[in-house]
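Data block for final_4.pdb (PDB, C-alpha atoms):
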```pdb
ATOM      1  CA  MET Q   1      26.798 -15.068 -40.099
ATOM      2  CA  LYS Q   2      27.441 -12.805 -37.092
ATOM      3  CA  LYS Q   3      24.392 -10.750 -38.042
ATOM      4  CA  LEU Q   4      22.242 -13.900 -38.207
ATOM      5  CA  ILE Q   5      23.496 -15.142 -34.823
ATOM      6  CA  GLY Q   6      22.760 -11.721 -33.299
ATOM      7  CA  MET Q   7      19.187 -11.767 -34.621
ATOM      8  CA  ILE Q   8      18.644 -15.269 -33.220
ATOM      9  CA  LEU Q   9      19.949 -14.239 -29.800
ATOM     10  CA  LEU Q  10      17.733 -11.125 -29.803
ATOM     11  CA  SER Q  11      14.602 -13.119 -30.599
ATOM     12  CA  LEU Q  12      15.417 -15.625 -27.869
ATOM     13  CA  LEU Q  13      15.811 -12.806 -25.334
ATOM     14  CA  LEU Q  14      12.544 -11.209 -26.389
ATOM     15  CA  GLY Q  15      10.775 -14.558 -26.136
ATOM     16  CA  ALA Q  16      12.025 -15.043 -22.597
ATOM     17  CA  CYS Q  17      10.791 -11.642 -21.436
ATOM     18  CA  THR Q  18       7.208 -11.128 -20.255
ATOM     19  CA  PHE Q  19       5.470  -7.801 -20.460
ATOM     20  CA  PRO Q  20       2.347  -7.136 -18.356
ATOM     21  CA  ASP Q  21      -0.599  -6.175 -20.487
ATOM     22  CA  SER Q  22      -2.898  -3.315 -19.624
ATOM     23  CA  GLU Q  23      -5.474  -5.656 -18.061
ATOM     24  CA  GLU Q  24      -2.906  -7.044 -15.613
ATOM     25  CA  GLU Q  25      -1.754  -3.537 -14.717
ATOM     26  CA  SER Q  26      -5.253  -2.252 -14.115
ATOM     27  CA  SER Q  27      -6.170  -5.258 -11.959
ATOM     28  CA  SER Q  28      -3.393  -4.510  -9.475
ATOM     29  CA  SER Q  29      -5.508  -1.877  -7.725
ATOM     30  CA  SER Q  30      -8.275  -4.417  -7.096
ATOM     31  CA  ALA Q  31      -6.074  -6.813  -5.102
ATOM     32  CA  LEU Q  32      -7.099  -7.306  -1.483
ATOM     33  CA  ILE Q  33      -4.401  -6.257   0.969
ATOM     34  CA  PRO Q  34      -4.543  -7.797   4.487
ATOM     35  CA  VAL Q  35      -4.202  -5.195   7.250
ATOM     36  CA  ASP Q  36      -4.311  -4.961  11.034
ATOM     37  CA  VAL Q  37      -6.931  -2.585  12.428
ATOM     38  CA  VAL Q  38      -5.741  -0.258  15.185
ATOM     39  CA  SER Q  39      -9.128   1.261  16.049
ATOM     40  CA  VAL Q  40     -12.610   2.030  14.751
ATOM     41  CA  ILE Q  41     -13.210   5.783  14.598
ATOM     42  CA  ASP Q  42     -16.845   5.896  13.472
ATOM     43  CA  GLY Q  43     -19.208   4.261  11.003
ATOM     44  CA  ASP Q  44     -17.091   4.955   7.934
ATOM     45  CA  THR Q  45     -13.555   5.455   9.254
ATOM     46  CA  ILE Q  46     -10.939   3.197  10.813
ATOM     47  CA  LYS Q  47      -7.230   3.297  11.626
ATOM     48  CA  ILE Q  48      -4.927   0.581  10.310
ATOM     49  CA  ASP Q  49      -1.286  -0.404  10.225
ATOM     50  CA  PHE Q  50      -0.230   0.129   6.603
ATOM     51  CA  GLU Q  51       3.212   0.453   5.054
ATOM     52  CA  GLY Q  52       4.895   0.657   8.425
ATOM     53  CA  LYS Q  53       2.728   3.331  10.042
ATOM     54  CA  THR Q  54      -0.725   3.944  11.473
ATOM     55  CA  GLN Q  55      -2.998   5.481   8.871
ATOM     56  CA  THR Q  56      -6.630   6.599   8.844
ATOM     57  CA  VAL Q  57      -8.881   4.999   6.222
ATOM     58  CA  ARG Q  58     -12.046   6.671   4.940
ATOM     59  CA  TYR Q  59     -14.481   4.183   3.390
ATOM     60  CA  LEU Q  60     -15.068   4.824  -0.308
ATOM     61  CA  LEU Q  61     -18.563   5.657  -1.605
ATOM     62  CA  VAL Q  62     -20.430   5.618   1.731
ATOM     63  CA  ASP Q  63     -21.276   8.078   4.493
ATOM     64  CA  THR Q  64     -22.592   7.476   8.005
ATOM     65  CA  PRO Q  65     -23.890   9.891  10.673
ATOM     66  CA  GLU Q  66     -21.182  11.655  12.648
ATOM     67  CA  THR Q  67     -20.214  10.937  16.247
ATOM     68  CA  ASN Q  68     -17.512  13.538  16.941
ATOM     69  CA  HIS Q  69     -17.502  16.104  14.144
ATOM     70  CA  PRO Q  70     -15.789  19.377  15.216
ATOM     71  CA  THR Q  71     -18.769  21.522  14.129
ATOM     72  CA  ILE Q  72     -21.893  19.354  13.868
ATOM     73  CA  GLY Q  73     -21.015  17.088  16.762
ATOM     74  CA  LYS Q  74     -23.015  13.897  17.312
ATOM     75  CA  GLN Q  75     -25.813  13.069  14.866
ATOM     76  CA  PRO Q  76     -28.723  10.661  15.358
ATOM     77  CA  LEU Q  77     -27.687   7.040  14.688
ATOM     78  CA  GLY Q  78     -23.999   8.009  14.668
ATOM     79  CA  ALA Q  79     -23.278   5.853  17.720
ATOM     80  CA  GLU Q  80     -25.239   2.955  16.229
ATOM     81  CA  ALA Q  81     -23.276   3.191  12.963
ATOM     82  CA  THR Q  82     -19.991   3.202  14.869
ATOM     83  CA  ALA Q  83     -21.039   0.180  16.934
ATOM     84  CA  GLU Q  84     -22.128  -1.763  13.838
ATOM     85  CA  ASN Q  85     -18.912  -0.939  12.013
ATOM     86  CA  LYS Q  86     -16.882  -2.092  15.015
ATOM     87  CA  ARG Q  87     -18.900  -5.306  15.297
ATOM     88  CA  ILE Q  88     -18.199  -6.151  11.658
ATOM     89  CA  ILE Q  89     -14.519  -5.185  11.824
ATOM     90  CA  ASP Q  90     -13.978  -7.283  14.954
ATOM     91  CA  SER Q  91     -15.663 -10.352  13.441
ATOM     92  CA  GLY Q  92     -12.803 -11.535  11.214
ATOM     93  CA  ASP Q  93      -9.712 -10.799   9.142
ATOM     94  CA  VAL Q  94      -9.653  -7.344   7.577
ATOM     95  CA  SER Q  95      -8.345  -6.398   4.142
ATOM     96  CA  ILE Q  96      -8.552  -3.299   1.968
ATOM     97  CA  GLU Q  97      -8.873  -2.641  -1.748
ATOM     98  CA  PHE Q  98      -7.970   0.510  -3.658
ATOM     99  CA  ASP Q  99      -9.769   1.884  -6.702
ATOM    100  CA  GLU Q 100      -8.286   3.418  -9.851
ATOM    101  CA  GLY Q 101      -8.067   7.002  -8.565
ATOM    102  CA  GLY Q 102      -5.993   8.692  -5.894
ATOM    103  CA  ARG Q 103      -5.398   6.778  -2.695
ATOM    104  CA  TYR Q 104      -5.581   9.802  -0.356
ATOM    105  CA  ASP Q 105      -8.139  12.532   0.242
ATOM    106  CA  ASP Q 106      -7.499  16.175   1.160
ATOM    107  CA  TYR Q 107      -7.191  15.191   4.830
ATOM    108  CA  ASP Q 108      -4.419  12.665   4.111
ATOM    109  CA  ARG Q 109      -6.736   9.726   4.757
ATOM    110  CA  LEU Q 110      -6.502   6.554   2.709
ATOM    111  CA  LEU Q 111      -9.539   5.905   0.510
ATOM    112  CA  ALA Q 112     -10.425   2.238   0.214
ATOM    113  CA  TYR Q 113     -13.006  -0.522   0.152
ATOM    114  CA  ILE Q 114     -12.954  -2.582   3.346
ATOM    115  CA  TYR Q 115     -13.517  -6.325   3.690
ATOM    116  CA  VAL Q 116     -13.848  -8.739   6.591
ATOM    117  CA  ASP Q 117     -13.255 -12.361   5.625
ATOM    118  CA  GLY Q 118     -13.761 -11.288   2.006
ATOM    119  CA  GLU Q 119     -17.166  -9.676   2.594
ATOM    120  CA  SER Q 120     -17.648  -5.966   1.853
ATOM    121  CA  VAL Q 121     -18.037  -3.860   4.987
ATOM    122  CA  GLN Q 122     -19.507  -1.013   2.940
ATOM    123  CA  GLU Q 123     -22.278  -3.276   1.670
ATOM    124  CA  GLN Q 124     -23.001  -4.536   5.175
ATOM    125  CA  MET Q 125     -23.263  -0.978   6.524
ATOM    126  CA  LEU Q 126     -25.600  -0.034   3.670
ATOM    127  CA  ALA Q 127     -27.703  -3.173   4.206
ATOM    128  CA  SER Q 128     -28.123  -2.324   7.894
ATOM    129  CA  GLY Q 129     -29.553   1.072   6.978
ATOM    130  CA  LEU Q 130     -26.759   2.881   8.795
ATOM    131  CA  ALA Q 131     -24.991   4.291   5.732
ATOM    132  CA  ARG Q 132     -25.872   6.065   2.510
ATOM    133  CA  VAL Q 133     -24.102   6.046  -0.865
ATOM    134  CA  ALA Q 134     -22.164   9.306  -1.136
ATOM    135  CA  TYR Q 135     -18.984  11.065  -2.262
ATOM    136  CA  ILE Q 136     -19.037   9.629  -5.768
ATOM    137  CA  TYR Q 137     -15.883  10.969  -7.404
ATOM    138  CA  PRO Q 138     -14.676   9.208 -10.579
ATOM    139  CA  PRO Q 139     -12.626   7.190 -11.163
ATOM    140  CA  ASN Q 140     -13.125   5.787  -7.634
ATOM    141  CA  THR Q 141     -16.539   4.366  -8.505
ATOM    142  CA  ARG Q 142     -15.915   0.645  -9.042
ATOM    143  CA  TYR Q 143     -18.819  -0.581  -6.896
ATOM    144  CA  VAL Q 144     -21.184   2.371  -6.941
ATOM    145  CA  GLU Q 145     -23.964   0.527  -8.779
ATOM    146  CA  GLU Q 146     -23.771  -2.496  -6.460
ATOM    147  CA  PHE Q 147     -23.812  -0.186  -3.442
ATOM    148  CA  LYS Q 148     -26.855   1.694  -4.754
ATOM    149  CA  GLU Q 149     -28.762  -1.575  -5.126
ATOM    150  CA  VAL Q 150     -28.062  -2.490  -1.501
ATOM    151  CA  GLU Q 151     -29.009   1.044  -0.400
ATOM    152  CA  GLU Q 152     -32.345   0.764  -2.213
ATOM    153  CA  GLN Q 153     -33.148  -2.454  -0.371
ATOM    154  CA  ALA Q 154     -32.562  -0.728   2.980
ATOM    155  CA  LYS Q 155     -34.717   2.201   1.841
ATOM    156  CA  ASP Q 156     -37.545  -0.155   0.902
ATOM    157  CA  LYS Q 157     -37.371  -1.714   4.369
ATOM    158  CA  GLY Q 158     -37.383   1.727   6.012
ATOM    159  CA  ILE Q 159     -34.616   0.843   8.451
ATOM    160  CA  GLY Q 160     -31.910   2.902  10.119
ATOM    161  CA  ILE Q 161     -31.375   6.288   8.515
ATOM    162  CA  TRP Q 162     -34.307   5.594   6.188
ATOM    163  CA  GLU Q 163     -36.821   5.270   9.021
ATOM    164  CA  TYR Q 164     -37.500   9.006   9.010
ATOM    165  CA  ASP Q 165     -38.316  10.980   5.876
ATOM    166  CA  HIS Q 166     -35.680  13.506   4.837
ATOM    167  CA  TYR Q 167     -33.174  12.536   7.533
ATOM    168  CA  ALA Q 168     -30.687  11.178   4.956
ATOM    169  CA  THR Q 169     -30.235  13.693   2.143
ATOM    170  CA  ASP Q 170     -27.882  14.204  -0.779
ATOM    171  CA  ARG Q 171     -25.999  16.720   1.356
ATOM    172  CA  GLY Q 172     -25.742  14.648   4.524
ATOM    173  CA  PHE Q 173     -27.985  14.079   7.539
ATOM    174  CA  ASN Q 174     -30.697  16.426   8.763
ATOM    175  CA  ALA Q 175     -31.117  15.938  12.521
ATOM    176  CA  SER Q 176     -34.296  18.021  12.644
ATOM    177  CA  ALA Q 177     -36.048  15.449  10.431
ATOM    178  CA  TYR Q 178     -35.144  12.497  12.631
ATOM    179  CA  GLY Q 179     -37.829  13.067  15.254
ATOM    180  CA  SER Q 180     -38.556  15.113  18.337
ATOM    181  CA  THR Q 181     -36.337  12.881  20.472
ATOM    182  CA  ALA Q 182     -33.247  13.384  18.297
ATOM    183  CA  PRO Q 183     -30.511  15.356  20.056
ATOM    184  CA  SER Q 184     -29.523  18.603  18.398
ATOM    185  CA  SER Q 185     -25.887  19.442  17.723
ATOM    186  CA  SER Q 186     -25.864  21.918  20.604
ATOM    187  CA  GLN Q 187     -27.235  19.268  22.960
ATOM    188  CA  SER Q 188     -24.834  16.525  21.935
ATOM    189  CA  TYR Q 189     -21.645  18.513  21.470
ATOM    190  CA  ASP Q 190     -20.250  21.255  23.633
ATOM    191  CA  LYS Q 191     -16.899  22.810  22.791
ATOM    192  CA  LYS Q 192     -16.245  23.217  26.519
ATOM    193  CA  CYS Q 193     -16.264  19.427  26.791
ATOM    194  CA  THR Q 194     -12.624  18.691  26.047
ATOM    195  CA  ILE Q 195     -12.118  15.195  27.491
ATOM    196  CA  LYS Q 196     -11.707  12.620  24.717
ATOM    197  CA  GLY Q 197     -13.165   9.136  25.109
ATOM    198  CA  ASN Q 198     -11.487   6.463  22.966
ATOM    199  CA  ILE Q 199     -12.529   2.832  22.478
ATOM    200  CA  SER Q 200      -9.794   0.388  21.390
ATOM    201  CA  ARG Q 201     -10.351  -2.603  19.123
ATOM    202  CA  SER Q 202     -10.322  -4.858  22.182
ATOM    203  CA  GLY Q 203     -13.146  -2.781  23.674
ATOM    204  CA  SER Q 204     -11.106  -0.934  26.311
ATOM    205  CA  LYS Q 205     -12.547   2.489  27.110
ATOM    206  CA  ILE Q 206      -9.950   5.162  27.886
ATOM    207  CA  TYR Q 207     -10.364   8.909  28.342
ATOM    208  CA  HIS Q 208      -7.655  11.445  27.560
ATOM    209  CA  MET Q 209      -7.268  14.797  29.297
ATOM    210  CA  PRO Q 210      -5.979  17.975  27.593
ATOM    211  CA  GLY Q 211      -2.230  18.254  28.039
ATOM    212  CA  GLN Q 212      -1.584  14.522  28.150
ATOM    213  CA  SER Q 213       0.992  13.219  25.655
ATOM    214  CA  SER Q 214      -1.555  11.144  23.725
ATOM    215  CA  TYR Q 215      -4.289  13.795  23.674
ATOM    216  CA  GLU Q 216      -3.645  15.499  20.325
ATOM    217  CA  GLN Q 217      -3.365  12.323  18.245
ATOM    218  CA  THR Q 218      -6.447  10.728  19.823
ATOM    219  CA  ASN Q 219      -9.596  10.650  17.672
ATOM    220  CA  PRO Q 220     -12.471  10.472  20.172
ATOM    221  CA  GLU Q 221     -15.518   8.252  19.918
ATOM    222  CA  GLU Q 222     -17.123  10.424  22.620
ATOM    223  CA  TRP Q 223     -16.567  13.785  24.328
ATOM    224  CA  PHE Q 224     -16.968  14.390  28.070
ATOM    225  CA  CYS Q 225     -17.140  17.586  30.113
ATOM    226  CA  THR Q 226     -15.867  16.085  33.383
ATOM    227  CA  GLU Q 227     -13.856  13.065  34.483
ATOM    228  CA  GLN Q 228     -16.818  11.869  36.509
ATOM    229  CA  GLU Q 229     -18.976  11.913  33.370
ATOM    230  CA  ALA Q 230     -16.376   9.805  31.544
ATOM    231  CA  GLN Q 231     -16.106   7.365  34.439
ATOM    232  CA  ASP Q 232     -19.880   7.038  34.673
ATOM    233  CA  ALA Q 233     -19.867   6.048  31.002
ATOM    234  CA  GLY Q 234     -17.392   3.251  31.723
ATOM    235  CA  PHE Q 235     -14.188   4.992  30.641
ATOM    236  CA  ARG Q 236     -11.007   5.016  32.697
ATOM    237  CA  SER Q 237      -8.104   7.438  32.745
ATOM    238  CA  THR Q 238      -4.961   6.719  30.717
ATOM    239  CA  GLY Q 239      -3.092   6.781  34.018
ATOM    240  CA  SER Q 240      -5.265   4.205  35.792
TER
END
```
Produce structure tokens that represent the structure in this file.
Amino acid sequence: MKKLIGMILLSLLLGACTFPDSEEESSSSSALIPVDVVSVIDGDTIKIDFEGKTQTVRYLLVDTPETNHPTIGKQPLGAEATAENKRIIDSGDVSIEFDEGGRYDDYDRLLAYIYVDGESVQEQMLASGLARVAYIYPPNTRYVEEFKEVEEQAKDKGIGIWEYDHYATDRGFNASAYGSTAPSSSQSYDKKCTIKGNISRSGSKIYHMPGQSSYEQTNPEEWFCTEQEAQDAGFRSTGS
């Protein structure tokens, strides 16, 4: 009798327990997580408040021209990509989605899909012709086929980075193919120019001088050689 009662109790306990199946576990990475955006860095990178700290997010599966790369500097259409990304980000509520693979890259940046009011920012950047599909590393490839379809539509229209043959390549962006008016890396970036120009989400333009407390952690949207140059571009000092 005791054995029978024990078996009945065990089956009742098992019936009351729920065990997530593999489908429910795998879907957890696709949940949208609302976040607050701290700043827009460039066309494919933002900073957000996440898990109690400010973290940099690199957009999965897309690449846009650079605006402040330490070696290649500012590339053609980099500023336009940054402006379009900021316009989209500022237009509504932002959320992120992780894929099945690792959440961080080698530079300690979060890797995620970005949404504004439920609409994919990556797809909007691709549709505008200001991004290419790139950095396809399984298993973080959930939307690669959808992204490629959007990219093809922009290619067919010949807009943005697709306006000039061979500017967007499998290895990145070739400034020499953009046109005779495209600035070269040496023209657009000078290592002697050490003043960092930063644009906040609200649109405030601040420049940071070497030696200031906020200088090292600031990711610049623009570089300036002199304070006058920064001021002429509409930036103000952190102290003003």
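Residues matched by the PyMOL selection byres ((chain Q and resi 154) around 12) in this file: Glu123, Gln124, Met125, Leu126, Ala127, Ser128, Gly129, Leu130, Ala131, Arg132, Val133, Phe147, Lys148, Glu149, Val150, Glu151, Glu152, Gln153, Lys155, Asp156, Lys157, Gly158, Ile159, Gly160, Ile161, Trp162 and Glu163 of chain Q.
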One decimal, Å: what's the distance from CA of Asp44 in chain Q over to CA of Thr238 in chain Q, could you say?
25.9 Å
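Take CA of Gln122 in chain Q and CA of Lys86 in chain Q: the distance between them is 12.4 Å.
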Running the PyMOL selection byres ((chain Q and resi 50) around 12) on this model by hand, what would come out? Give it as a list in words.
Ile33, Pro34, Val35, Asp36, Val37, Val38, Ile46, Lys47, Ile48, Asp49, Glu51, Gly52, Lys53, Thr54, Gln55, Thr56, Val57, Ser95, Ile96, Arg109 and Leu110 of chain Q
Would you compute the distance between CA of Gln231 in chain Q and CA of Lys74 in chain Q? Give it in Å to one decimal.
19.6 Å
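Nearest residue to Arg142 in chain Q among Q:Ile199, Q:Ala177, Q:Ala112, Q:Met209 is Q:Ala112, counting only C-alpha atoms.
With all atoms listed in the file as the atoms that count, the minimum distance from Thr67 in chain Q to the choices Q:Ile89, Q:Ala168, Q:Ala79, Q:Val40 is reached by Q:Ala79.
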Closest of Q:Thr218, Q:Pro139, Q:Gly211, Q:Gln228 to Gly101 in chain Q - atom-to-atom distances counting all atoms listed in the file:
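Selected residue with least distance to Gly101 in chain Q: Q:Pro139.
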Explicit residues for the PyMOL selection byres ((chain Q and resi 42) around 10) (as a JSON list (two decimals) with C-alpha atoms, in the frame of the given file):
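Result written to out-v4.json:
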```json
[["chain", "number", "residue", "atom", "x", "y", "z"],
["Q", 39, "SER", "CA", -9.13, 1.26, 16.05],
["Q", 40, "VAL", "CA", -12.61, 2.03, 14.75],
["Q", 41, "ILE", "CA", -13.21, 5.78, 14.60],
["Q", 43, "GLY", "CA", -19.21, 4.26, 11.00],
["Q", 44, "ASP", "CA", -17.09, 4.96, 7.93],
["Q", 45, "THR", "CA", -13.56, 5.46, 9.25],
["Q", 46, "ILE", "CA", -10.94, 3.20, 10.81],
["Q", 58, "ARG", "CA", -12.05, 6.67, 4.94],
["Q", 64, "THR", "CA", -22.59, 7.48, 8.01],
["Q", 65, "PRO", "CA", -23.89, 9.89, 10.67],
["Q", 66, "GLU", "CA", -21.18, 11.66, 12.65],
["Q", 67, "THR", "CA", -20.21, 10.94, 16.25],
["Q", 68, "ASN", "CA", -17.51, 13.54, 16.94],
["Q", 78, "GLY", "CA", -24.00, 8.01, 14.67],
["Q", 79, "ALA", "CA", -23.28, 5.85, 17.72],
["Q", 80, "GLU", "CA", -25.24, 2.96, 16.23],
["Q", 81, "ALA", "CA", -23.28, 3.19, 12.96],
["Q", 82, "THR", "CA", -19.99, 3.20, 14.87],
["Q", 83, "ALA", "CA", -21.04, 0.18, 16.93],
["Q", 84, "GLU", "CA", -22.13, -1.76, 13.84],
["Q", 85, "ASN", "CA", -18.91, -0.94, 12.01],
["Q", 86, "LYS", "CA", -16.88, -2.09, 15.02],
["Q", 219, "ASN", "CA", -9.60, 10.65, 17.67],
["Q", 220, "PRO", "CA", -12.47, 10.47, 20.17],
["Q", 221, "GLU", "CA", -15.52, 8.25, 19.92]]
```
Please determine an axis-aligned box that encloses all atoms of range 159-172 of chain Q listed in the file, with 5 Å added on each side, and express its centre and edge lengths in Å to one decimal as lines of an AutoDock Vina configuration file.
```
center_x = -32.0
center_y = 8.8
center_z = 4.7
size_x = 22.6
size_y = 25.9
size_z = 20.9
```
